[in-house]
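What follows is a single structure, written as structure tokens, with notes after it.
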Protein chains: 2
Amino acid sequence: MEKRTEIATLGEFGLIHHLTDTIRLKNESSLKGVGDDAAVLEYKEKQVLVTTDLLLEGIHFDLTYVPLTHLGYKSAVVNFSDIYAMNGRPKQITVSLGISKRFSIEDLDDFYKGVRLACDIYGVDIVGGDTSATRTGLTISITCIGEADKDKIVYRNGAKETDLICVSGDLGAAYMGLQLLEREKQVFNGEKDFQPDFSGKEYLLERQLKPEARKDIIDMLEKAGIVPTSMMDISDGLSSELLHIGRQSQTGCRIYEDRIPIDYQTAVMAEQFNMNVTTAALNGGEDYELLFTVPLPLHDKVADLKGIKIIGHVTKESLGNYLITRDGTEVALQAQGWNSLSE
Amino acid sequence: MEKRTEIATLGEFGLIHHLTDTIRLKNESSLKGVGDDAAVLEYKEKQVLVTTDLLLEGIHFDLTYVPLTHLGYKSAVVNFSDIYAMNGRPKQITVSLGISKRFSIEDLDDFYKGVRLACDIYGVDIVGGDTSATRTGLTISITCIGEADKDKIVYRNGAKETDLICVSGDLGAAYMGLQLLEREKQVFNGEKDFQPDFSGKEYLLERQLKPEARKDIIDMLEKAGIVPTSMMDISDGLSSELLHIGRQSQTGCRIYEDRIPIDYQTAVMAEQFNMNVTTAALNGGEDYELLFTVPLPLHDKVADLKGIKIIGHVTKESLGNYLITRDGTEVALQAQGWNSLSE
């Protein structure tokens with residue numbers, strides 16, 4: 001049997017010590033981390049980026065199929081992704097947890113293992129947080145602080161008519177991964193020793209359970225000397241994010257169905273589930289890819305970049321936001337997204 | 001009947017728009033707030049302070065007697081308090097909420113009204129956040145960012161032997177206010193129209209329901225040219241905070257029972273409840289007063305400051321941490337605090 005140490009055996013201060021004792025700061029901008037009323041950072045000539053995410057058990061994650069280490073990793077990475085989406089670099093995070101008695105110290109260690117791994121890979125320091133009891137479930141609140149050069153921050157409101165619309169990686173895989181996990185959960189509910197067979201579907205699971213933030217794309221754009229006119233990360237689905245950029249830039253768009261990057265496993269899985277793979281790519285969410293626009297004269301430069309696909313172009317606002325399907329039909333884009341509040 | 005608009009009628013983006021539409025940024029360091037993947041701040045030669053708090057229904061607050069506007073106000077203020085405790089000034093907050101269907105848009109408006117009032121009074125900008133559904137209850141996660149001059153930040157680890165130990169305001173009132181509210185709740189549970197009589201106890205209720213952060217004390221110390229050697233805010237109780245400073249500064253302390261500032265209402269209420277008022281002041285928590293140490297030669301200067309009381313002095317670590325009672329007995333200080341995890 002696995003070791004289980006009750007959190008109450010450490011007490012609140014003991015727990016904080018246990019979780020933070022071995023944290024060492026890596027970044028020049030991290031002057032003082034855990035242990036005072038506030039962390040102390042120094043950003044000098046850089047501008048400071050701040051983003052925050054609240055993740056709740058039963059709404060954003062299901063611990064029946066999400067290992068805690070993966071959850072810790074993902075919780076950190078989705079925040080890093082928001083900082084990259086501004087063309088910045090994540091540098092610090094604070095991690096606040098609300099935990100019920102169901103969780104042991106070993107569980108928390110697993111969660112923190114994931115957070116720390118993400119922080120090590122992306123060069124981010126844990127500088128603070130809060131740990132508290134909850135009546136039920138697990139609550140995760142992470143705030144990420146990052147830096148960017150003043151003249152290189154990219155907002156959602158800078159897209160211009162004729163700009164090219166680009167996305168990194170491929171879309172819809174995280175959503176198909178979720179469908180897969182949900183199906184296995186339903187089919188085998190109750191059979192404790194059952195190990196579902198996910199072979200050939202590893203990519204979908206990885207995209208759902210252990211997504212990465214596209215630091216590499218930001219590095220590549222920098223190296224190529226490209227500053228997008230607008231950018232955001234795709235967390236709610238391509239459709240919804242395009243409408244955000246359109247609304248804030250006062251522009252419209254045309255994207256082409258046959259240009260949307262979709263992985264082979266995503267397409268196969270969609271067929272198995274009898275789902276439209278384009279719908280999954282447009283509305284699935286949790287891809288954490290980058291959606292950005294660049295001026296038309298950069299076409300050849302961008303077309304050459306590995307892992308980036310040009311999917312359409314920016315139009316006048318009055319022309320609306322449309323997908324051009326494979327047969328040439330124009331379909332209005334809708335902000336389906338993940339609307340957890342109206343469910 | 002009060003108006004009740006279901007949150008689902010607005011949807012997630014509609015809700016965010018509703019809550020943030022009228023936010024205007026006040027601070028020079030707040031360049032861009034809500035509406036992108038991250039907020040953008042500029043701190044130039046100042047250092048950046050970051051603190052975060054997670055507040056959970058049923059653990060940190062009880063909505064049967066805490067009005068949502070007060071809760072919003074308090075949630076913001078307790079974070080400001082952490083920034084002042086570093087001798088800094090709060091400038092930005094992010095507000096993340098997890099809300100169940102129990103809450104209406106009017107409820108959220110009430111909560112935000114309190115947050116905004118606090119932000120207006122303390123000169124802080126709301127620059128971001130996250131809003132999500134929960135299965136049950138209300139979850140509040142606030143992160144506060146502030147600034148401080150590099151050479152004026154005060155940590156917990158700077159106390160020196162012979163330093164004077166000072167506290168602002170008075171202690172134990174918030175705890176007695178909580179006892180009062182809990183008693184009324186138990187006595188009159190179920191009687192909907194009952195209005196408890198709190199006359200003569202307004203101060204205790206205000207300290208519990210609508211605490212203030214001691215911006216005025218930080219201003220006063222600055223004006224007097226005093227930079228404390230160590231400081232923190234009293235959120236878990238004087239005892240626990242003194243032990244934090246002692247552990248981090250590698251010092252001990254002697255404080256004097258007859259020097260601990262206690263308001264008249266606190267003393268009266270403690271007697272009514274048959275409680276030791278010193279225990280309430282030492283372990284009650286939620287006072288949000290400032291505890292700080294200053295070098296001995298500043299004695300006369302500090303003794304002259306209104307609203308500050310010298311309660312003891314810092315000793316060698318080997319001498320331990322003790323309270324000298326009115327009859328001269330030495331009692332070891334204990335970190336009782338608020339240990340929500342072991343309850």
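Identifiers in this document derive from the order of the structure tokens: chains are assigned A, B, ..., residues are numbered from 1 separately in each chain, and ligands are numbered from 1 in order of occurrence.
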### Task
Return as a PyMOL selection string the full set of residues in stretch 37-280 of chain A whose backbone-based DSSP assignment is helix (DSSP H, G or I).
chain A and resi 68-84+105-122+150-152+173-187+202-209+215-223+238-249+257-259+264-272+277-280
### Message
When you look at B:Leu55 with a cut-off of 9 Å (counting only C-alpha atoms), what residues show up, excluding the ones that are within fewer than 2 positions of it in the same chain? I need them as a count of residues only.
### Response
13
Counting only C-alpha atoms, which residues in chain B sit no more than 8 Å from chain A? For each one, give the nearest pair of atoms and the distance in Å, sorted by chain then residue number, as a tab-separated table.
```
residue	atom	partner	partner_atom	distance
B:Ile7	CA	A:Leu341	CA	7.1
B:Ala8	CA	A:Ser342	CA	4.4
B:Thr9	CA	A:Ser342	CA	7.6
B:Gly11	CA	A:Ser342	CA	6.0
B:Glu12	CA	A:Asn339	CA	5.9
B:Asp36	CA	A:Arg156	CA	6.2
B:Asp37	CA	A:Asp82	CA	5.0
B:Ala38	CA	A:Thr51	CA	4.6
B:Ala39	CA	A:Val50	CA	5.0
B:Val40	CA	A:Leu49	CA	4.7
B:Leu41	CA	A:Val48	CA	4.8
B:Glu42	CA	A:Gln47	CA	4.9
B:Tyr43	CA	A:Tyr43	CA	6.8
B:Lys44	CA	A:Lys44	CA	4.8
B:Glu45	CA	A:Lys44	CA	5.7
B:Lys46	CA	A:Glu42	CA	7.4
B:Gln47	CA	A:Glu42	CA	4.9
B:Val48	CA	A:Leu41	CA	4.8
B:Leu49	CA	A:Val40	CA	4.7
B:Val50	CA	A:Ala39	CA	5.0
B:Thr51	CA	A:Ala38	CA	4.6
B:Thr52	CA	A:Gly129	CA	5.9
B:Asp53	CA	A:Asp130	CA	5.9
B:Leu54	CA	A:Asp130	CA	6.4
B:Leu56	CA	A:Thr134	CA	6.8
B:Gly58	CA	A:Arg135	CA	7.2
B:Ile59	CA	A:Thr134	CA	6.7
B:Asp82	CA	A:Asp37	CA	5.0
B:Ile83	CA	A:Ala38	CA	6.3
B:Ala85	CA	A:Asp37	CA	6.5
B:Met86	CA	A:Asp37	CA	6.6
B:Thr94	CA	A:Thr52	CA	7.3
B:Ser96	CA	A:Leu54	CA	6.5
B:Leu97	CA	A:Leu54	CA	7.6
B:Gly98	CA	A:Leu54	CA	7.5
B:Gly128	CA	A:Thr51	CA	7.0
B:Gly129	CA	A:Thr52	CA	6.0
B:Asp130	CA	A:Asp53	CA	5.9
B:Thr131	CA	A:Leu54	CA	7.6
B:Ser132	CA	A:Leu341	CA	6.5
B:Ala133	CA	A:Leu341	CA	5.1
B:Thr134	CA	A:Ile59	CA	6.7
B:Arg135	CA	A:Gly58	CA	7.2
B:Ser141	CA	A:Ser141	CA	6.6
B:Thr143	CA	A:Thr143	CA	7.3
B:Tyr155	CA	A:Asp36	CA	6.4
B:Arg156	CA	A:Asp36	CA	6.2
B:Met232	CA	A:Asp37	CA	6.5
B:Asp233	CA	A:Asp37	CA	7.6
B:Asn339	CA	A:Glu12	CA	5.9
B:Ser340	CA	A:Ala133	CA	5.9
B:Leu341	CA	A:Ala133	CA	5.2
B:Ser342	CA	A:Ala8	CA	4.4
B:Glu343	CA	A:Ala8	CA	7.9
```
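Using only C-alpha atoms, the shortest contact distance between A:Cys253 and any of A:Gly328, A:Pro67, A:Gly320, A:Pro90 is found at A:Gly320.
Using only C-alpha atoms, the protein and nucleic acid residues lying no more than 7 Å from stretch 213-220 of chain A, apart from those fewer than 2 places from it along its own chain, are A:Val77, A:Val78, A:Phe80, A:Ser81, A:Tyr84, A:Asn87, A:Pro211, A:Glu222, A:Lys223, A:Ala224, A:Tyr288, A:Glu289.
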For the selection just defined, write its residues with all heavy atoms to a file, as a compact mmCIF listing (two decimals), in the first residue's frame.
```
# COMPACT_ATOMS: atom_id res chain seq x y z
N VAL A 77 1.93 25.34 -16.50
CA VAL A 77 2.17 25.60 -17.93
C VAL A 77 1.09 26.49 -18.55
O VAL A 77 1.38 27.35 -19.38
CB VAL A 77 2.30 24.25 -18.68
CG1 VAL A 77 2.07 24.43 -20.17
CG2 VAL A 77 3.68 23.64 -18.42
N VAL A 78 -0.18 26.31 -18.16
CA VAL A 78 -1.24 27.12 -18.76
C VAL A 78 -1.05 28.60 -18.41
O VAL A 78 -1.43 29.48 -19.18
CB VAL A 78 -2.67 26.65 -18.38
CG1 VAL A 78 -2.88 25.22 -18.84
CG2 VAL A 78 -2.94 26.79 -16.89
N PHE A 80 2.08 29.93 -17.87
CA PHE A 80 3.24 30.34 -18.69
C PHE A 80 2.76 30.72 -20.09
O PHE A 80 3.22 31.69 -20.69
CB PHE A 80 4.28 29.22 -18.81
CG PHE A 80 4.80 28.69 -17.50
CD1 PHE A 80 5.47 27.46 -17.45
CD2 PHE A 80 4.66 29.41 -16.32
CE1 PHE A 80 5.97 26.97 -16.25
CE2 PHE A 80 5.15 28.91 -15.11
CZ PHE A 80 5.80 27.68 -15.09
N SER A 81 1.81 29.91 -20.58
CA SER A 81 1.30 30.11 -21.93
C SER A 81 0.71 31.52 -22.11
O SER A 81 0.89 32.15 -23.16
CB SER A 81 0.24 29.03 -22.23
OG SER A 81 -0.27 29.18 -23.53
N TYR A 84 3.67 33.94 -22.55
CA TYR A 84 4.23 33.83 -23.91
C TYR A 84 3.30 34.49 -24.92
O TYR A 84 3.76 35.10 -25.89
CB TYR A 84 4.46 32.36 -24.29
CG TYR A 84 5.59 31.70 -23.52
CD1 TYR A 84 5.37 30.58 -22.74
CD2 TYR A 84 6.89 32.23 -23.58
CE1 TYR A 84 6.40 29.98 -22.03
CE2 TYR A 84 7.93 31.64 -22.87
CZ TYR A 84 7.68 30.52 -22.10
OH TYR A 84 8.70 29.93 -21.40
N ASN A 87 4.05 37.76 -25.86
CA ASN A 87 5.44 37.83 -26.33
C ASN A 87 6.41 38.12 -25.18
O ASN A 87 7.41 38.81 -25.35
CB ASN A 87 5.59 38.88 -27.43
CG ASN A 87 6.76 38.58 -28.36
OD1 ASN A 87 7.19 37.43 -28.47
ND2 ASN A 87 7.30 39.61 -28.99
N PRO A 211 0.16 19.35 -21.40
CA PRO A 211 0.39 20.29 -22.50
C PRO A 211 1.67 21.09 -22.26
O PRO A 211 2.14 21.21 -21.13
CB PRO A 211 -0.82 21.20 -22.44
CG PRO A 211 -1.25 21.17 -21.01
CD PRO A 211 -0.96 19.78 -20.52
N GLU A 222 11.40 35.51 -32.26
CA GLU A 222 12.40 36.50 -31.87
C GLU A 222 13.63 36.39 -32.76
O GLU A 222 14.16 37.39 -33.26
CB GLU A 222 12.78 36.31 -30.40
CG GLU A 222 13.64 37.46 -29.89
CD GLU A 222 14.12 37.23 -28.46
OE1 GLU A 222 14.26 36.06 -28.05
OE2 GLU A 222 14.35 38.23 -27.77
N LYS A 223 14.08 35.15 -32.93
CA LYS A 223 15.25 34.89 -33.76
C LYS A 223 15.04 35.38 -35.20
O LYS A 223 15.95 35.90 -35.84
CB LYS A 223 15.52 33.38 -33.76
CG LYS A 223 17.00 33.04 -33.65
CD LYS A 223 17.18 31.55 -33.44
CE LYS A 223 18.56 31.09 -33.84
NZ LYS A 223 18.70 29.63 -33.66
N ALA A 224 13.81 35.20 -35.68
CA ALA A 224 13.48 35.61 -37.05
C ALA A 224 13.19 37.12 -37.13
O ALA A 224 12.91 37.64 -38.21
CB ALA A 224 12.28 34.81 -37.55
N TYR A 288 -3.45 25.35 -26.10
CA TYR A 288 -2.30 26.15 -25.68
C TYR A 288 -1.29 26.39 -26.79
O TYR A 288 -0.11 26.57 -26.56
CB TYR A 288 -1.65 25.58 -24.40
CG TYR A 288 -2.70 25.54 -23.32
CD1 TYR A 288 -3.28 24.35 -22.92
CD2 TYR A 288 -3.18 26.72 -22.76
CE1 TYR A 288 -4.31 24.33 -21.99
CE2 TYR A 288 -4.21 26.71 -21.84
CZ TYR A 288 -4.76 25.51 -21.45
OH TYR A 288 -5.77 25.51 -20.55
N GLU A 289 -1.83 26.42 -28.01
CA GLU A 289 -1.02 26.87 -29.14
C GLU A 289 -1.14 28.39 -29.24
O GLU A 289 -1.98 29.00 -28.56
CB GLU A 289 -1.52 26.21 -30.44
CG GLU A 289 -1.33 24.71 -30.49
CD GLU A 289 0.15 24.29 -30.50
OE1 GLU A 289 1.02 25.15 -30.78
OE2 GLU A 289 0.43 23.12 -30.19
```
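The coordinates place atom CA of A:Asp170 at 8.5 Å from atom CA of A:Gly307.
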### Query
Got a sec to tell me which of stretch 62-279 of chain B DSSP assigns to strand (DSSP E), as an NGL selection string?
:B and (89-99 or 125-133 or 138-148 or 164-168 or 230-234 or 251-256)
Mind dumping the selected residues with C-alpha atoms as a compact mmCIF listing (two decimals), in the first residue's frame?
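Written out: out_0.txt:
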```txt
# COMPACT_ATOMS: atom_id res chain seq x y z
CA ARG B 89 2.51 50.32 -1.34
CA PRO B 90 -0.13 48.11 -3.03
CA LYS B 91 -0.74 49.11 -6.66
CA GLN B 92 -2.53 46.30 -8.51
CA ILE B 93 -4.69 43.26 -7.73
CA THR B 94 -6.06 40.35 -9.69
CA VAL B 95 -9.35 38.88 -8.47
CA SER B 96 -10.28 35.26 -9.23
CA LEU B 97 -13.65 33.92 -8.21
CA GLY B 98 -15.13 30.46 -8.17
CA ILE B 99 -18.91 30.74 -7.84
CA ASP B 125 -6.03 49.02 -9.73
CA ILE B 126 -7.86 45.80 -10.62
CA VAL B 127 -5.80 44.47 -13.54
CA GLY B 128 -7.00 40.94 -14.08
CA GLY B 129 -8.61 37.82 -12.77
CA ASP B 130 -10.50 34.71 -13.62
CA THR B 131 -14.13 33.75 -13.07
CA SER B 132 -15.25 30.16 -12.99
CA ALA B 133 -18.11 27.95 -11.89
CA LEU B 138 -17.54 30.66 -3.08
CA THR B 139 -13.79 30.64 -3.69
CA ILE B 140 -11.81 33.88 -3.72
CA SER B 141 -8.20 34.12 -4.81
CA ILE B 142 -6.59 37.54 -4.81
CA THR B 143 -3.05 38.43 -5.78
CA CYS B 144 -1.71 41.87 -4.95
CA ILE B 145 1.28 43.57 -6.52
CA GLY B 146 2.95 46.57 -4.95
CA GLU B 147 6.06 48.68 -5.05
CA ALA B 148 8.76 49.66 -2.61
CA LEU B 164 12.10 47.61 20.55
CA ILE B 165 8.99 45.60 19.60
CA CYS B 166 6.07 47.77 18.47
CA VAL B 167 2.48 47.16 17.41
CA SER B 168 -0.04 49.51 15.83
CA SER B 230 11.72 43.83 10.79
CA MET B 231 7.98 43.93 10.20
CA MET B 232 4.93 41.81 9.41
CA ASP B 233 1.18 42.16 9.67
CA ILE B 234 -0.72 40.42 12.44
CA THR B 251 16.39 36.21 18.01
CA GLY B 252 14.13 35.82 21.04
CA CYS B 253 11.79 38.32 22.69
CA ARG B 254 10.19 39.57 25.86
CA ILE B 255 6.82 41.24 25.63
CA TYR B 256 4.80 42.64 28.54
```
